[in-house]
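Reviewing the structure listed below.
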Amino acid sequence: MKKLAVRHAAEKDAEKIYRLGMMTRDFAVSRHIKFYQKDEIAEWIRNKENNILIVAEVNSRIVGFVYCKIMSRHWAMVDNFYVLPKFRKEGVGTAIEEVLLAELRRRSI
């Protein structure tokens, strides 16, 4: 694996996250709803008070993400966590989790 970077998603990442989510059947809730809509993802990114969206990049390519919804000032819920199969078991998921946990601790959640 080359250079791994984990960071908070930027609005420009919404399209790439959407494409990742559409690549797998794991997120599908029906034949018609395969993943969230691009505008929903962009809204999560903009609304940082109530949402945490973190991406992992390898060589500047997004290869994984986690979406965490802040439920209250005391707890949060991970809604989606995904790493491309090719990049699994290489520490990408662990790196995403560490950044998410650090953010939750920073917020005292």
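By order of appearance in the structure tokens: chains A, B, ..., then residues from 1 within every chain, and ligands from 1 in the order shown.
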**OP:** Give me every strand (DSSP E or B) residue in region 26-56 of chain A, going by DSSP on the backbone, as a PyMOL selection string.
**Re:** chain A and resi 51-56
Which residues are close to Gly93 (chain A), i.e. within 10 Å by only C-alpha atoms, leaving aside same-chain residues fewer than 4 positions away? Reply as a PDB file with C-alpha atoms, in the first residue's frame.
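So the final result, stored in selection-v2.pdb, reads:
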```
ATOM      1  CA  VAL A   6      -7.473   9.874   6.590  1.00  0.00           C
ATOM      2  CA  ALA A  56      -9.475   7.375   3.659  1.00  0.00           C
ATOM      3  CA  VAL A  63     -10.849   3.977  -0.853  1.00  0.00           C
ATOM      4  CA  GLY A  64     -13.047   4.043   2.239  1.00  0.00           C
ATOM      5  CA  PHE A  65     -15.317   6.120   4.418  1.00  0.00           C
ATOM      6  CA  VAL A  66     -17.318   6.177   7.612  1.00  0.00           C
ATOM      7  CA  PHE A  81     -18.422   2.075   7.252  1.00  0.00           C
ATOM      8  CA  TYR A  82     -16.858   0.879   4.016  1.00  0.00           C
ATOM      9  CA  VAL A  83     -13.424   0.054   2.644  1.00  0.00           C
ATOM     10  CA  LEU A  84     -12.900  -1.188  -0.909  1.00  0.00           C
ATOM     11  CA  PHE A  87      -7.654  -2.225   0.546  1.00  0.00           C
ATOM     12  CA  ARG A  88      -8.986  -4.350   3.395  1.00  0.00           C
ATOM     13  CA  LYS A  89      -6.608  -5.926   5.909  1.00  0.00           C
ATOM     14  CA  GLU A  97     -11.810   4.181  13.121  1.00  0.00           C
ATOM     15  CA  GLU A  98      -8.988   5.926  14.997  1.00  0.00           C
TER      16      GLU A  98
END
```
**OP:** Could you please write out, as a ChimeraX atom specification, every residue of region 12-91 of chain A that DSSP assigns to alpha helix (DSSP H)?
**Re:** /A:14-22,38-46
Keeping N, CA, C and O atoms, export the residues of the selection given above as a tab-separated table (two decimals), in the first residue's frame.
```
chain	number	residue	atom	x	y	z
A	14	ALA	N	-18.30	14.34	-2.11
A	14	ALA	CA	-19.62	13.71	-2.12
A	14	ALA	C	-19.82	12.78	-3.31
A	14	ALA	O	-20.31	11.65	-3.16
A	15	GLU	N	-19.42	13.21	-4.48
A	15	GLU	CA	-19.58	12.39	-5.70
A	15	GLU	C	-18.77	11.09	-5.58
A	15	GLU	O	-19.25	10.02	-5.93
A	16	LYS	N	-17.55	11.18	-5.09
A	16	LYS	CA	-16.69	9.99	-4.97
A	16	LYS	C	-17.23	9.03	-3.93
A	16	LYS	O	-17.20	7.81	-4.13
A	17	ILE	N	-17.73	9.55	-2.83
A	17	ILE	CA	-18.33	8.70	-1.79
A	17	ILE	C	-19.57	8.02	-2.35
A	17	ILE	O	-19.79	6.82	-2.15
A	18	TYR	N	-20.37	8.78	-3.08
A	18	TYR	CA	-21.57	8.23	-3.72
A	18	TYR	C	-21.20	7.07	-4.65
A	18	TYR	O	-21.80	6.00	-4.60
A	19	ARG	N	-20.18	7.27	-5.47
A	19	ARG	CA	-19.76	6.20	-6.39
A	19	ARG	C	-19.29	4.96	-5.65
A	19	ARG	O	-19.57	3.84	-6.07
A	20	LEU	N	-18.56	5.17	-4.56
A	20	LEU	CA	-18.11	4.02	-3.75
A	20	LEU	C	-19.31	3.26	-3.22
A	20	LEU	O	-19.35	2.03	-3.28
A	21	GLY	N	-20.27	3.98	-2.67
A	21	GLY	CA	-21.46	3.33	-2.12
A	21	GLY	C	-22.27	2.59	-3.16
A	21	GLY	O	-22.86	1.55	-2.87
A	22	MET	N	-22.29	3.10	-4.37
A	22	MET	CA	-23.05	2.46	-5.45
A	22	MET	C	-22.34	1.23	-6.01
A	22	MET	O	-22.96	0.42	-6.70
A	38	LYS	N	-26.61	11.71	-3.70
A	38	LYS	CA	-25.44	12.61	-3.63
A	38	LYS	C	-25.71	13.84	-2.78
A	38	LYS	O	-24.86	14.27	-2.01
A	39	ASP	N	-26.91	14.41	-2.92
A	39	ASP	CA	-27.21	15.62	-2.15
A	39	ASP	C	-27.31	15.34	-0.65
A	39	ASP	O	-26.99	16.20	0.17
A	40	GLU	N	-27.72	14.13	-0.27
A	40	GLU	CA	-27.73	13.76	1.15
A	40	GLU	C	-26.31	13.72	1.69
A	40	GLU	O	-26.03	14.23	2.78
A	41	ILE	N	-25.43	13.13	0.93
A	41	ILE	CA	-24.03	13.02	1.35
A	41	ILE	C	-23.42	14.43	1.50
A	41	ILE	O	-22.76	14.72	2.49
A	42	ALA	N	-23.69	15.27	0.54
A	42	ALA	CA	-23.18	16.65	0.60
A	42	ALA	C	-23.73	17.38	1.82
A	42	ALA	O	-23.01	18.13	2.49
A	43	GLU	N	-24.99	17.14	2.14
A	43	GLU	CA	-25.59	17.78	3.33
A	43	GLU	C	-24.92	17.29	4.61
A	43	GLU	O	-24.65	18.07	5.51
A	44	TRP	N	-24.62	16.01	4.70
A	44	TRP	CA	-23.92	15.49	5.89
A	44	TRP	C	-22.58	16.18	6.05
A	44	TRP	O	-22.17	16.50	7.15
A	45	ILE	N	-21.90	16.36	4.93
A	45	ILE	CA	-20.58	17.00	4.98
A	45	ILE	C	-20.71	18.45	5.44
A	45	ILE	O	-19.92	18.92	6.27
A	46	ARG	N	-21.70	19.16	4.94
A	46	ARG	CA	-21.90	20.56	5.33
A	46	ARG	C	-22.33	20.69	6.79
A	46	ARG	O	-21.93	21.62	7.48
```
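The interatomic distance for the pair CA of Gln37 (chain A) and CA of Ala9 (chain A) works out to 15.9 Å.
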**OP:** Return the single residue from A:Val92, A:Val29, A:Ile54, A:Cys68 that is closest to Lys3 (chain A), with distances computed using only C-alpha atoms.
**Re:**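 Of A:Val92, A:Val29, A:Ile54, A:Cys68, the one nearest Lys3 (chain A) is A:Val92, counting only C-alpha atoms.
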Original post:
With distances taken over only C-alpha atoms, which of A:Phe35, A:Ala76, A:Ile70, A:Ile62 is nearest to Glu49 (chain A)?
Top reply: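 Result for the nearest residue to Glu49 (chain A): A:Ile70.
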Original post:
From the set A:Gly91, A:Leu104, A:Val55, A:Met71, which residue has the shortest atom-to-atom contact distance to Lys12 (chain A), counting only C-alpha atoms?
Top reply: A:Val55
**OP:** Would you work out the distance separating CA of His8 (chain A) from CA of Ile52 (chain A), expressed in Å to one decimal?
**Re:**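 Going from CA of His8 (chain A) over to CA of Ile52 (chain A), I get 7.5 Å.
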**OP:** Record the distance separating CA of Thr94 (chain A) and CA of Lys2 (chain A), expressed in Å with one decimal.
**Re:**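 Atom-to-atom, CA of Thr94 (chain A) to CA of Lys2 (chain A), that is 15.9 Å.
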**OP:** Skip Val58 (chain A) itself and residues of its chain fewer than 2 positions away, then list as a VMD selection string all residues within 6 Å of it, counting only C-alpha atoms.
**Re:** chain A and resid 3 to 4 60 to 61
Please provide the set of residues having any atom within 9 Å of Ile109 (chain A), restricted to only C-alpha atoms, with same-chain residues fewer than 6 positions apart removed, written as a short mmCIF file (atom, residue, chain, number, x, y, z; two decimals) with N, CA and C atoms, in the first residue's frame.
```
data_model
loop_
_atom_site.label_atom_id
_atom_site.label_comp_id
_atom_site.auth_asym_id
_atom_site.auth_seq_id
_atom_site.Cartn_x
_atom_site.Cartn_y
_atom_site.Cartn_z
N ILE A 70 -24.46 12.08 14.82
CA ILE A 70 -24.49 12.49 16.21
C ILE A 70 -25.95 12.44 16.65
N SER A 72 -27.05 12.66 20.03
CA SER A 72 -27.25 13.60 21.13
C SER A 72 -25.87 14.05 21.59
N ARG A 73 -25.83 14.85 22.63
CA ARG A 73 -24.51 15.28 23.12
C ARG A 73 -23.79 14.16 23.85
N HIS A 74 -24.47 13.01 24.01
CA HIS A 74 -23.89 11.89 24.74
C HIS A 74 -23.53 10.68 23.88
N TRP A 75 -24.16 10.56 22.72
CA TRP A 75 -23.88 9.37 21.92
C TRP A 75 -24.04 9.63 20.43
N ALA A 76 -23.41 8.73 19.68
CA ALA A 76 -23.44 8.81 18.22
C ALA A 76 -23.60 7.39 17.67
N GLU A 103 -12.27 12.14 17.01
CA GLU A 103 -13.26 13.22 16.84
C GLU A 103 -14.37 13.10 17.88
#
```
**OP:** Find, counting only C-alpha atoms, the residue in A:Lys86, A:Asn47, A:Ser30, A:Leu53 that gets nearest to Val99 (chain A).
**Re:**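 For Val99 (chain A), the nearest of the given residues is A:Leu53.
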